[in-house]
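Student: Below you will find the structure I want to go over with you.
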Protein chains: 2
Amino acid sequence: MARSETRNILKLVRDLQRRKARERRGLVVLEGRRLVEDAARAGAALEALLVAEDAAADFAAAVGVPLQSVPRRDFDAVADTDTPGGVLAVARWEPRALATLARPRAGTVLLVLDAVQDPGNVGTIIRTAHALGAAATIALDGTADVRSPKVLRSAMGSHFRHAVVETSFGELVAWIGTGARVLIAAADGVPAAPGGDAGTVLVVGSEARGARAEWTSHAHRRVAVPMRGDAESLNAAVAAGILLFELLRDVR
Amino acid sequence: MARSETRNILKLVRDLQRRKARERRGLVVLEGRRLVEDAARAGAALEALLVAEDAAADFAAAVGVPLQSVPRRDFDAVADTDTPGGVLAVARWEPRALATLARPRAGTVLLVLDAVQDPGNVGTIIRTAHALGAAATIALDGTADVRSPKVLRSAMGSHFRHAVVETSFGELVAWIGTGARVLIAAADGVPAAPGGDAGTVLVVGSEARGARAEWTSHAHRRVAVPMRGDAESLNAAVAAGILLFELLRDVR
């Protein structure tokens, strides 16, 4: 392959370290062999595949994309992880628009992330919402960028099999309307239970601050995972997982 | 305070970066204001408190330990995190011996970590086991060091309120004996349910490899969180949280 093409890909990957560039181009970086292979199996549109020379030999380019091999130091310079494995891909991926989602209906749960800042938690929650069968994960402003490399790695391919949406608080509240049951995860909440005839919207905030106060006038109940008295809190992803598990109990 | 005392503490904290030193001295490093305060509230024996000069002013030494203030660059040189907040403590902490635990009995769950390698996951699982009311968390060989700074940070003080044990597979199996129900978390398992008259031992392995094969002759059942067909797996901490939540359902 032409040397200039390799240079272009390195430049593109570096550019995609910026959120603005990811948004403008509609592209994300998938780092790690397993993530790349899983995205390919899920039908992700891979635009480029970059491999460190020492990792190229045993990476089967079974994903139908020409493989660009570069010296290890060039790979490490654009990689996001501390100890890069030597495989990354550029993939076409954008969050879905809120308008493309089906309205909340009986037996479904929409998960809302309200300013969950830790990218590892956000990715793990997307992975969890997908595995447990939530209808979508909706990231509000203040939440870690769902297109960031760390979120994509923690979600382990769920971006390509589960609806992930980005929107604002105002737009989401208008879209939900009055037909759905809105639950806020909060330390002082009651145990969660399936929603019966109404669709459920579950809002999870940051571990430190919880969901924003404006939810109060739109919410039907505050829910929590029952805990021992001397425990402070659960990790946001673990709490979201247990609450989703409870809310979706009847539809399994 | 004497300059030599400060130097000694910096040297001690650096020494405690090594697992062997933590084991020999029976000391761990707690990094971060919130973790230090929470450990102090839980009654942890703090041996030293190290603060970066720029963070010292607003850190109330309400923990009854003389505070050593050092230049920011000296603090950062011994800190474990990428962007240190400027507060750390040395605390006396060691895993409990297996022999000090009560035998598994009805209504209790002992959680076993079998070569769970990611320190963030191990800490989050300890935090989760504590919050949900597991009787103890038992780390087998191959699991991330429960005394490591990252495990302590992710567990957010649970080391000081929840029994954490380190032991070997052989010793654990001998100690469990035949009176308890042993469940192995595995992708092909059945949904988990409370144990009735028997105490429960829940074994969670690494996300990649699961629990070791030797458990087979000691286990009564393989259990799993039901998932959507196109999902590969759950994060180990989320899976452990949901399984513990189910197993402890009757005793809440």
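Simple scheme: letters A, B, ... for chains in structure tokens order, numbers from 1 for residues in each chain, numbers from 1 for ligands in the order shown.
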Can you list, as a list of chain:residue names, every protein, DNA or RNA residue that comes within 12 Å of Ala48 of chain B when you count only C-alpha atoms, leaving out same-chain residues fewer than 4 positions away?
Tutor: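 After dropping sequence-adjacent residues, the list is B:Glu5, B:Thr6, B:Asn8, B:Ile9, B:Leu10, B:Leu12, B:Val13, B:Leu27, B:Val28, B:Val29, B:Leu30, B:Glu31, B:Val36, B:Ala40, B:Ala44, B:Ala61, B:Val63, B:Gly64, B:Val65, B:Pro66, B:Leu67, B:Gln68, B:Ser69, B:Val87, B:Leu88, B:Ala89, B:Val90, B:Ala91, B:Arg92.
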Student: Would you export the selected residues with C-alpha atoms as a tab-separated table (two decimals), in the first residue's frame, please?
Tutor:
chain	number	residue	atom	x	y	z
B	5	GLU	CA	10.04	11.96	59.18
B	6	THR	CA	8.53	13.20	55.91
B	8	ASN	CA	10.52	8.24	55.84
B	9	ILE	CA	6.85	8.41	54.94
B	10	LEU	CA	7.55	9.05	51.26
B	12	LEU	CA	7.25	3.91	53.05
B	13	VAL	CA	4.56	4.83	50.52
B	27	LEU	CA	-0.08	-1.92	55.54
B	28	VAL	CA	-1.93	-0.52	52.52
B	29	VAL	CA	-2.12	2.88	50.83
B	30	LEU	CA	-5.47	4.68	50.60
B	31	GLU	CA	-5.39	7.38	47.93
B	36	VAL	CA	-9.31	8.24	53.58
B	40	ALA	CA	-11.30	6.69	59.19
B	44	ALA	CA	-9.33	2.00	60.16
B	61	ALA	CA	-7.19	16.37	59.70
B	63	VAL	CA	-8.87	11.67	61.52
B	64	GLY	CA	-6.60	12.07	64.53
B	65	VAL	CA	-3.34	11.45	62.74
B	66	PRO	CA	-0.55	14.00	62.28
B	67	LEU	CA	-0.59	15.29	58.72
B	68	GLN	CA	2.61	15.40	56.65
B	69	SER	CA	2.60	18.04	53.96
B	87	VAL	CA	-4.38	13.21	49.86
B	88	LEU	CA	-3.32	9.70	50.85
B	89	ALA	CA	-3.04	7.63	54.00
B	90	VAL	CA	-1.13	4.57	55.08
B	91	ALA	CA	-3.48	2.23	56.94
B	92	ARG	CA	-3.07	-1.03	58.76
Student: Chain A residues within 8 Å of chain B, counting only C-alpha atoms: which ones, as an MDAnalysis selection string?
Tutor: chainID A and resid 124 127:128 130:133 158 161 226:228 230:235 237:238 241:242 245 252
Student: Filtering to C-alpha atoms, could you give me those residues as a PDB file, in the first residue's frame?
Tutor:
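Listing of again-v6.pdb after writing:
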ATOM      1  CA  THR A 124     -20.222  -0.869  31.042  1.00  0.00           C
ATOM      2  CA  ARG A 127     -23.038  -3.229  27.594  1.00  0.00           C
ATOM      3  CA  THR A 128     -25.340  -4.104  30.513  1.00  0.00           C
ATOM      4  CA  HIS A 130     -27.881  -4.341  25.812  1.00  0.00           C
ATOM      5  CA  ALA A 131     -27.340  -7.689  27.537  1.00  0.00           C
ATOM      6  CA  LEU A 132     -30.391  -7.333  29.800  1.00  0.00           C
ATOM      7  CA  GLY A 133     -32.665  -6.166  26.979  1.00  0.00           C
ATOM      8  CA  SER A 158     -22.808  -3.177  22.185  1.00  0.00           C
ATOM      9  CA  ARG A 161     -26.213  -4.067  18.528  1.00  0.00           C
ATOM     10  CA  PRO A 226     -31.813  -2.188  48.958  1.00  0.00           C
ATOM     11  CA  MET A 227     -28.443  -2.060  50.730  1.00  0.00           C
ATOM     12  CA  ARG A 228     -26.890  -2.829  54.100  1.00  0.00           C
ATOM     13  CA  ASP A 230     -23.302   0.714  56.663  1.00  0.00           C
ATOM     14  CA  ALA A 231     -22.772   0.720  52.879  1.00  0.00           C
ATOM     15  CA  GLU A 232     -22.594   4.075  51.155  1.00  0.00           C
ATOM     16  CA  SER A 233     -23.569   3.280  47.599  1.00  0.00           C
ATOM     17  CA  LEU A 234     -23.197   0.893  44.690  1.00  0.00           C
ATOM     18  CA  ASN A 235     -21.135   1.478  41.582  1.00  0.00           C
ATOM     19  CA  ALA A 237     -23.069   0.297  36.498  1.00  0.00           C
ATOM     20  CA  VAL A 238     -23.845  -2.343  39.140  1.00  0.00           C
ATOM     21  CA  GLY A 241     -27.704  -3.530  36.147  1.00  0.00           C
ATOM     22  CA  ILE A 242     -29.674  -4.652  39.207  1.00  0.00           C
ATOM     23  CA  PHE A 245     -32.792  -6.763  35.934  1.00  0.00           C
ATOM     24  CA  ARG A 252     -37.721 -12.641  30.394  1.00  0.00           C
TER      25      ARG A 252
END
Student: Please indicate the distance in Å from atom CA of Ala185 of chain B to atom CA of Ala213 of chain B, rounded to one decimal place.
Tutor: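 Separating atom CA of Ala185 of chain B from atom CA of Ala213 of chain B is a distance of 12.1 Å.
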Student: When you look at Trp215 of chain A with a cut-off of 9 Å (counting only C-alpha atoms), what residues show up, excluding the ones that are within fewer than 2 positions of it in the same chain? I need them as an NGL selection string.
Tutor: :A and (169 or 173 or 182 or 184 or 203 or 211-213 or 217-219)
Student: Could you write out that same residue set with C-alpha atoms as an mmCIF file, in the first residue's frame?
Tutor:
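Output file result25.cif is given in full below:
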data_model
loop_
_atom_site.group_PDB
_atom_site.id
_atom_site.type_symbol
_atom_site.label_atom_id
_atom_site.label_comp_id
_atom_site.auth_asym_id
_atom_site.auth_seq_id
_atom_site.Cartn_x
_atom_site.Cartn_y
_atom_site.Cartn_z
ATOM 1 C CA PHE A 169 -32.988 16.962 28.982
ATOM 2 C CA VAL A 173 -38.861 15.165 28.538
ATOM 3 C CA VAL A 182 -40.417 7.669 34.907
ATOM 4 C CA ILE A 184 -35.230 7.987 39.182
ATOM 5 C CA VAL A 203 -32.915 7.593 34.963
ATOM 6 C CA ALA A 211 -29.949 12.710 38.578
ATOM 7 C CA ARG A 212 -30.661 16.455 38.137
ATOM 8 C CA ALA A 213 -33.329 18.013 40.338
ATOM 9 C CA SER A 217 -41.714 17.203 38.416
ATOM 10 C CA HIS A 218 -41.590 14.534 35.693
ATOM 11 C CA ALA A 219 -40.840 11.465 37.802
#
Student: Quick one: of B:Leu248, B:Ala55, B:Val164, B:Ala115, who's nearest to Gly205 of chain B, counting only C-alpha atoms?
Tutor: B:Ala115
Student: Would you kindly return, as a list of chain:residue names, each protein, DNA or RNA residue with an atom no farther than 10 Å from any atom of Gly170 of chain B, considering only C-alpha atoms and excluding same-chain residues fewer than 5 positions away?
Tutor: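 Skipping anything fewer than 5 positions along the chain leaves B:Leu140, B:Trp175, B:Glu214.
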Student: Filtering to N, CA, C and O atoms, could you give me those residues as a PDB file, in the first residue's frame?
Tutor:
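Once everything was written out, this is part-v3.pdb:
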ATOM      1  N   LEU B 140      -9.200 -15.952  45.551  1.00  0.00           N
ATOM      2  CA  LEU B 140      -8.279 -17.072  45.313  1.00  0.00           C
ATOM      3  C   LEU B 140      -7.074 -16.591  44.512  1.00  0.00           C
ATOM      4  O   LEU B 140      -7.111 -15.554  43.859  1.00  0.00           O
ATOM      5  N   TRP B 175     -12.256 -26.310  53.505  1.00  0.00           N
ATOM      6  CA  TRP B 175     -12.975 -25.553  54.540  1.00  0.00           C
ATOM      7  C   TRP B 175     -14.487 -25.588  54.298  1.00  0.00           C
ATOM      8  O   TRP B 175     -15.277 -25.713  55.236  1.00  0.00           O
ATOM      9  N   GLU B 214     -11.508 -27.274  37.984  1.00  0.00           N
ATOM     10  CA  GLU B 214     -11.520 -28.128  39.181  1.00  0.00           C
ATOM     11  C   GLU B 214     -12.766 -27.937  40.049  1.00  0.00           C
ATOM     12  O   GLU B 214     -13.077 -28.779  40.890  1.00  0.00           O
TER      13      GLU B 214
END
Student: Apply DSSP to the backbone of this structure and, from segment 61-220 of chain A, keep only the residues in strand (DSSP E or B); write these as JSON, numbers by chain.
Tutor: {"A": [67, 68, 69, 70, 87, 88, 89, 90, 91, 92, 96, 109, 110, 111, 112, 113, 114, 136, 137, 138, 139, 140, 164, 165, 166, 167, 181, 182, 183, 184, 185, 186, 187, 188, 189, 190, 200, 201, 202, 203, 204, 205, 206, 210]}
Student: With only C-alpha atoms as the basis for distance, which of B:Arg103, B:His220, B:Gly120, B:Arg72 is at the shortest distance from Gly189 of chain B?
Tutor: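 Once distances to Gly189 of chain B are computed over only C-alpha atoms, the minimum belongs to B:His220.
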